[in-house]
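**Student:** Sharing a structure, written as structure tokens. Questions coming.
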Amino acid sequence: MAVLALLLAALGVVALPAAPAAACDCVGDTTAGFFARADVVFTGTLVSREVSHPNAPVFSSADPALHVFAVDSVFKGSAAQRQGVVSAAEGATCGLELSGEGAFVVFANRDGARYTASLCGGSAPLTAALEADLRALAPASAPSAAPRPGTDDVIGVGGSAPWPWLAGGAVVLVAGALAWRRKRRQVLSGK
């Protein structure tokens, strides 16, 4: 039984009570409402999306995802030509759910040195009607050439390396095998 426990520990299998299920529950709003609550509003195409797993090997739908956009027009605040926005990795925890390159409209808020957005914040595929609403709220301006909070070189979203976990698992596995071998020798020799 001890060998099985060591083997499971080496593999990172842990029996813990399940956490309550998280779900994102959004309340609809108008373009003007989303616009009023956002620190920055821009349109652009999605260049890249990278999910970080800071607690690897444990993964969560709430892990941060960095979305980098090539910005076309800025309607509120300031955005760089390449603008990063962080959200949760999955829609279940209110992360952005953007498919394809876009074009998209992004409603984001400043959180320290970065911009963040959520599924419930109004970010969506850009339609002609949505663009007309934005133009009625504010004139469009060009993105800034200078980096702004939330650009991909400022956020540093990156996962942790698996090597410490693998090395620790190997040590536990070897120690368990040696303990089992010693116990087996004692049993066979009658001690």
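Chain identifiers are assigned as A, B, and so on, following the order in which chains appear in the structure tokens; residues are numbered from 1 within each chain, and ligands are numbered from 1 in order of appearance.
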Just the residues within 6 Å of Ser118 (chain A), please, counting only C-alpha atoms, with nothing from its chain fewer than 5 positions along; format it as a ChimeraX atom specification.

**Tutor:** /A:87,94-96

**Student:** Which residue, A:Leu134, A:Ala145, A:Val85, A:Val27, has the smallest gap to Val47 (chain A) when you use only C-alpha atoms?

**Tutor:**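 Looking only at the distances to Val47 (chain A), the closest residue turns out to be A:Val85.
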
**Student:** Closest to Gln83 (chain A) among A:Val187, A:Ala146, A:Leu130, A:Cys24, using only C-alpha atoms?

**Tutor:**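 Checking each candidate against Gln83 (chain A), we get A:Ala146 as the closest.
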
**Student:** Which residues come within 7 Å of Ala38 (chain A), counting only C-alpha atoms, excluding same-chain residues fewer than 4 positions away, as a PDB file with N, CA, C and O atoms, in the first residue's frame?

**Tutor:**
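So result04.pdb came out as:
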ATOM      1  N   PHE A  34     -20.792  49.454 -21.866  1.00  0.00           N
ATOM      2  CA  PHE A  34     -19.461  48.840 -21.878  1.00  0.00           C
ATOM      3  C   PHE A  34     -18.388  49.917 -22.059  1.00  0.00           C
ATOM      4  O   PHE A  34     -17.346  49.890 -21.399  1.00  0.00           O
ATOM      5  N   PHE A 107     -12.941  45.957 -25.059  1.00  0.00           N
ATOM      6  CA  PHE A 107     -13.208  46.870 -23.951  1.00  0.00           C
ATOM      7  C   PHE A 107     -12.358  46.352 -22.793  1.00  0.00           C
ATOM      8  O   PHE A 107     -12.612  45.252 -22.285  1.00  0.00           O
ATOM      9  N   ALA A 108     -11.341  47.099 -22.384  1.00  0.00           N
ATOM     10  CA  ALA A 108     -10.422  46.623 -21.349  1.00  0.00           C
ATOM     11  C   ALA A 108     -10.271  47.655 -20.241  1.00  0.00           C
ATOM     12  O   ALA A 108     -10.590  48.836 -20.424  1.00  0.00           O
ATOM     13  N   ASN A 109      -9.775  47.174 -19.106  1.00  0.00           N
ATOM     14  CA  ASN A 109      -9.523  48.046 -17.958  1.00  0.00           C
ATOM     15  C   ASN A 109      -8.078  47.906 -17.523  1.00  0.00           C
ATOM     16  O   ASN A 109      -7.478  46.841 -17.653  1.00  0.00           O
TER      17      ASN A 109
END

**Student:** Write out as a PyMOL selection string the residues lying within 8 Å of Pro64 (chain A), counting only C-alpha atoms and excluding same-chain residues fewer than 4 positions away.

**Tutor:** chain A and resi 51-53+86-89+157

**Student:** Give me the residues near Ala138 (chain A) as a ChimeraX atom specification, where near means some atom within 12 Å (using only C-alpha atoms) and where sequence neighbours in that chain fewer than 2 positions away do not count.

**Tutor:** /A:31-32,35-36,40-42,73-77,131-136,140-141

**Student:** Could those residues be written to a file, using N, CA and C atoms, as a PDB file, in the first residue's frame?

**Tutor:**
ATOM      1  N   THR A  31     -23.566  49.053 -25.896  1.00  0.00           N
ATOM      2  CA  THR A  31     -22.219  49.484 -26.260  1.00  0.00           C
ATOM      3  C   THR A  31     -21.817  50.689 -25.416  1.00  0.00           C
ATOM      4  N   ALA A  32     -22.737  51.603 -25.191  1.00  0.00           N
ATOM      5  CA  ALA A  32     -22.452  52.795 -24.383  1.00  0.00           C
ATOM      6  C   ALA A  32     -22.113  52.418 -22.946  1.00  0.00           C
ATOM      7  N   PHE A  35     -18.655  50.866 -22.947  1.00  0.00           N
ATOM      8  CA  PHE A  35     -17.728  51.961 -23.242  1.00  0.00           C
ATOM      9  C   PHE A  35     -17.461  52.795 -21.980  1.00  0.00           C
ATOM     10  N   ALA A  36     -18.518  53.127 -21.246  1.00  0.00           N
ATOM     11  CA  ALA A  36     -18.384  53.965 -20.050  1.00  0.00           C
ATOM     12  C   ALA A  36     -17.530  53.292 -18.978  1.00  0.00           C
ATOM     13  N   VAL A  40      -9.945  51.522 -21.772  1.00  0.00           N
ATOM     14  CA  VAL A  40      -9.474  51.596 -23.147  1.00  0.00           C
ATOM     15  C   VAL A  40     -10.433  50.803 -24.025  1.00  0.00           C
ATOM     16  N   VAL A  41     -10.718  51.358 -25.206  1.00  0.00           N
ATOM     17  CA  VAL A  41     -11.580  50.675 -26.178  1.00  0.00           C
ATOM     18  C   VAL A  41     -10.876  50.788 -27.533  1.00  0.00           C
ATOM     19  N   PHE A  42     -10.650  49.636 -28.156  1.00  0.00           N
ATOM     20  CA  PHE A  42      -9.995  49.650 -29.467  1.00  0.00           C
ATOM     21  C   PHE A  42     -10.516  48.521 -30.337  1.00  0.00           C
ATOM     22  N   SER A  73      -7.886  50.917 -34.624  1.00  0.00           N
ATOM     23  CA  SER A  73      -8.434  52.204 -34.185  1.00  0.00           C
ATOM     24  C   SER A  73      -8.626  52.187 -32.677  1.00  0.00           C
ATOM     25  N   VAL A  74      -8.405  53.346 -32.060  1.00  0.00           N
ATOM     26  CA  VAL A  74      -8.597  53.507 -30.615  1.00  0.00           C
ATOM     27  C   VAL A  74      -9.737  54.502 -30.412  1.00  0.00           C
ATOM     28  N   PHE A  75     -10.734  54.117 -29.627  1.00  0.00           N
ATOM     29  CA  PHE A  75     -11.899  54.966 -29.374  1.00  0.00           C
ATOM     30  C   PHE A  75     -11.892  55.583 -27.982  1.00  0.00           C
ATOM     31  N   LYS A  76     -11.119  55.004 -27.073  1.00  0.00           N
ATOM     32  CA  LYS A  76     -11.035  55.536 -25.713  1.00  0.00           C
ATOM     33  C   LYS A  76      -9.707  55.097 -25.117  1.00  0.00           C
ATOM     34  N   GLY A  77      -9.067  55.984 -24.369  1.00  0.00           N
ATOM     35  CA  GLY A  77      -7.808  55.641 -23.717  1.00  0.00           C
ATOM     36  C   GLY A  77      -6.663  55.592 -24.704  1.00  0.00           C
ATOM     37  N   GLU A 131     -19.427  49.000 -34.836  1.00  0.00           N
ATOM     38  CA  GLU A 131     -18.497  50.063 -35.214  1.00  0.00           C
ATOM     39  C   GLU A 131     -19.225  51.403 -35.321  1.00  0.00           C
ATOM     40  N   ALA A 132     -20.446  51.402 -35.825  1.00  0.00           N
ATOM     41  CA  ALA A 132     -21.234  52.643 -35.901  1.00  0.00           C
ATOM     42  C   ALA A 132     -21.531  53.170 -34.494  1.00  0.00           C
ATOM     43  N   ASP A 133     -21.861  52.268 -33.557  1.00  0.00           N
ATOM     44  CA  ASP A 133     -22.084  52.675 -32.158  1.00  0.00           C
ATOM     45  C   ASP A 133     -20.830  53.323 -31.578  1.00  0.00           C
ATOM     46  N   LEU A 134     -19.665  52.715 -31.819  1.00  0.00           N
ATOM     47  CA  LEU A 134     -18.408  53.259 -31.292  1.00  0.00           C
ATOM     48  C   LEU A 134     -18.131  54.638 -31.874  1.00  0.00           C
ATOM     49  N   ARG A 135     -18.331  54.800 -33.184  1.00  0.00           N
ATOM     50  CA  ARG A 135     -18.066  56.088 -33.834  1.00  0.00           C
ATOM     51  C   ARG A 135     -19.030  57.169 -33.339  1.00  0.00           C
ATOM     52  N   ALA A 136     -20.230  56.772 -32.921  1.00  0.00           N
ATOM     53  CA  ALA A 136     -21.178  57.733 -32.355  1.00  0.00           C
ATOM     54  C   ALA A 136     -20.755  58.164 -30.952  1.00  0.00           C
ATOM     55  N   ALA A 140     -12.475  58.015 -33.712  1.00  0.00           N
ATOM     56  CA  ALA A 140     -11.396  57.027 -33.715  1.00  0.00           C
ATOM     57  C   ALA A 140     -10.058  57.729 -33.867  1.00  0.00           C
ATOM     58  N   SER A 141      -9.041  57.186 -33.192  1.00  0.00           N
ATOM     59  CA  SER A 141      -7.681  57.700 -33.362  1.00  0.00           C
ATOM     60  C   SER A 141      -6.765  56.525 -33.656  1.00  0.00           C
TER      61      SER A 141
END
